[in-house]
Amino acid sequence: YLHVKHRSKTLKKHLDSIADYYILNSKRGKSLNKAAGTNLKPDFKDEGVDFNAVKSVVIVDSDKLKRIHLREAIKVNKSFKVESNLSYTDSLINELYTLKPDVIVFSSFVSNEENIDMLNKIKQDLPLAKTIIVADKADETLFCKAIKAGIKAYCLSDYTADKMFNIVNKITNGGHYYDHSMDDLVYRVFSHMSNINQLPIDKPIHEQLGLTQKELEVLGAIARYDTYKKAAEHLYISPSTIKAHLSNIYRKFNVKTKLQAVLKAYEMLYGFVA
C-alpha cells in the first residue's frame, strides 16, 4: 500500500494510458481514428508494463520563424515536448548539457569545424541524445562528417510537418533517416566497398592501409584537390599540417610523391593499380 501510495502519480499515468488504450480500441474510437485518417496507439508497450515517457526535444536555429515551424511540426505528437528553443551561440553546448534532451534538432546547420566538433562532443557526453540535422541544401561532405559524429537523421529544410513528425518518431524508436538527396552517395560508397579486398565492416580502411584516421583523411583530400591549400581548407587544418601528415604517409608507404601515395593506397585496397 505504501509503495503504491508513494508512486501514485506514476500509477495514475499508467491507469490513464490503459484507459486510453480501451477507448482508442473501442468501436467508437476506431471509427473516429478512421474518420480522422489516423492510427492512434496507446502510450505503452504490451510486454509487461513498459510505459513510454514523454521525450524532451530541443530545437536549435538562429532563425525564430524556423524554430516556430519546427516546434509546430513536432508538438503534434503528444509523446514529445519541445523543452527549449536555442540559437547558435557560444553557450549552446553548455545549455544542451544542462537540458540533457532526448532529441536535438539542429536546423540551418552549417558545416564548419566548430559545429562538427560540437556534434562529436554531444556524441561523447550525451550518448542517449538523438540528433537530427536539417540542412538548407544537400551537402555530401556535411552528411559524411555528421554520420561519423553520430547523428540519427539528416533531412533538408523543405520537409513537411508530417515528414518531420515521422522522422522524430523513427529515430526515438531506434531507427535512422537520411534524405533521398544522399542516395547517390550511398550507392557510390557501397559500389566502392564491393571492390575492396577486405570490407571496412571487418576492418577500418585506415587500418588496412596502416595509417591513422587523420592520415587517411589527408590522403583522400590530396587525391581530390590539386593544392595543399584547397586540401587544408577542406579538412579545416593548415597547409603545414597537411604536409606533416603527408611526410608520415610517405614514410609508411615508402614513396616520395603524392601521386605515388595515392596509387599505393589504391593498390593495397583493390589489389591492383587502375
# chains A, B, ... in the order shown; residues from 1 in each chain; ligands from 1
$ closest_atom_pairs --of "segment 201-262 of chain A" --to "segment 132-146 of chain A" --cutoff "12 Å" --atoms "only C-alpha atoms" --output "JSON lines"
{"residue": "A:Glu217", "atom": "CA", "partner": "A:Lys145", "partner_atom": "CA", "distance": 11.2}
{"residue": "A:Ala221", "atom": "CA", "partner": "A:Thr141", "partner_atom": "CA", "distance": 11.5}
{"residue": "A:His234", "atom": "CA", "partner": "A:Thr141", "partner_atom": "CA", "distance": 9.1}
{"residue": "A:Leu235", "atom": "CA", "partner": "A:Thr141", "partner_atom": "CA", "distance": 10.2}
$ residues_around --residues "segment 79-93 of chain A" --least-positions-apart "2" --cutoff "8 Å" --atoms "only C-alpha atoms" --output "VMD selection string"
chain A and resid 43 53 to 63 67 71 74 to 75 77 95 to 97 101 118
$ closest_residue --among "A:Leu119, A:Leu128, A:Met164, A:Leu65" --to "Lys148 of chain A" --atoms "only C-alpha atoms"
A:Leu119
$ closest_residue --among "A:Val218, A:Leu99, A:Val110, A:Val255" --to "Glu233 of chain A" --atoms "only C-alpha atoms"
A:Val218
$ closest_residue --among "A:Ile205, A:Tyr154, A:Asp162, A:Gln213" --to "His180 of chain A" --atoms "only C-alpha atoms"
A:Tyr154
$ closest_residue --among "A:Val168, A:Val103, A:Leu219, A:Leu211" --to "Lys252 of chain A" --atoms "only C-alpha atoms"
A:Leu211
$ select_by_dssp --residues "segment 34-152 of chain A" --states "helix (DSSP H, G or I)" --output "PyMOL selection string"
chain A and resi 34-36+64-74+92-99+113-125+140-148
$ select_by_dssp --residues "segment 54-243 of chain A" --states "strand (DSSP E)" --output "PyMOL selection string"
chain A and resi 55-60+80-86+103-107+130-135+153-156+177-178
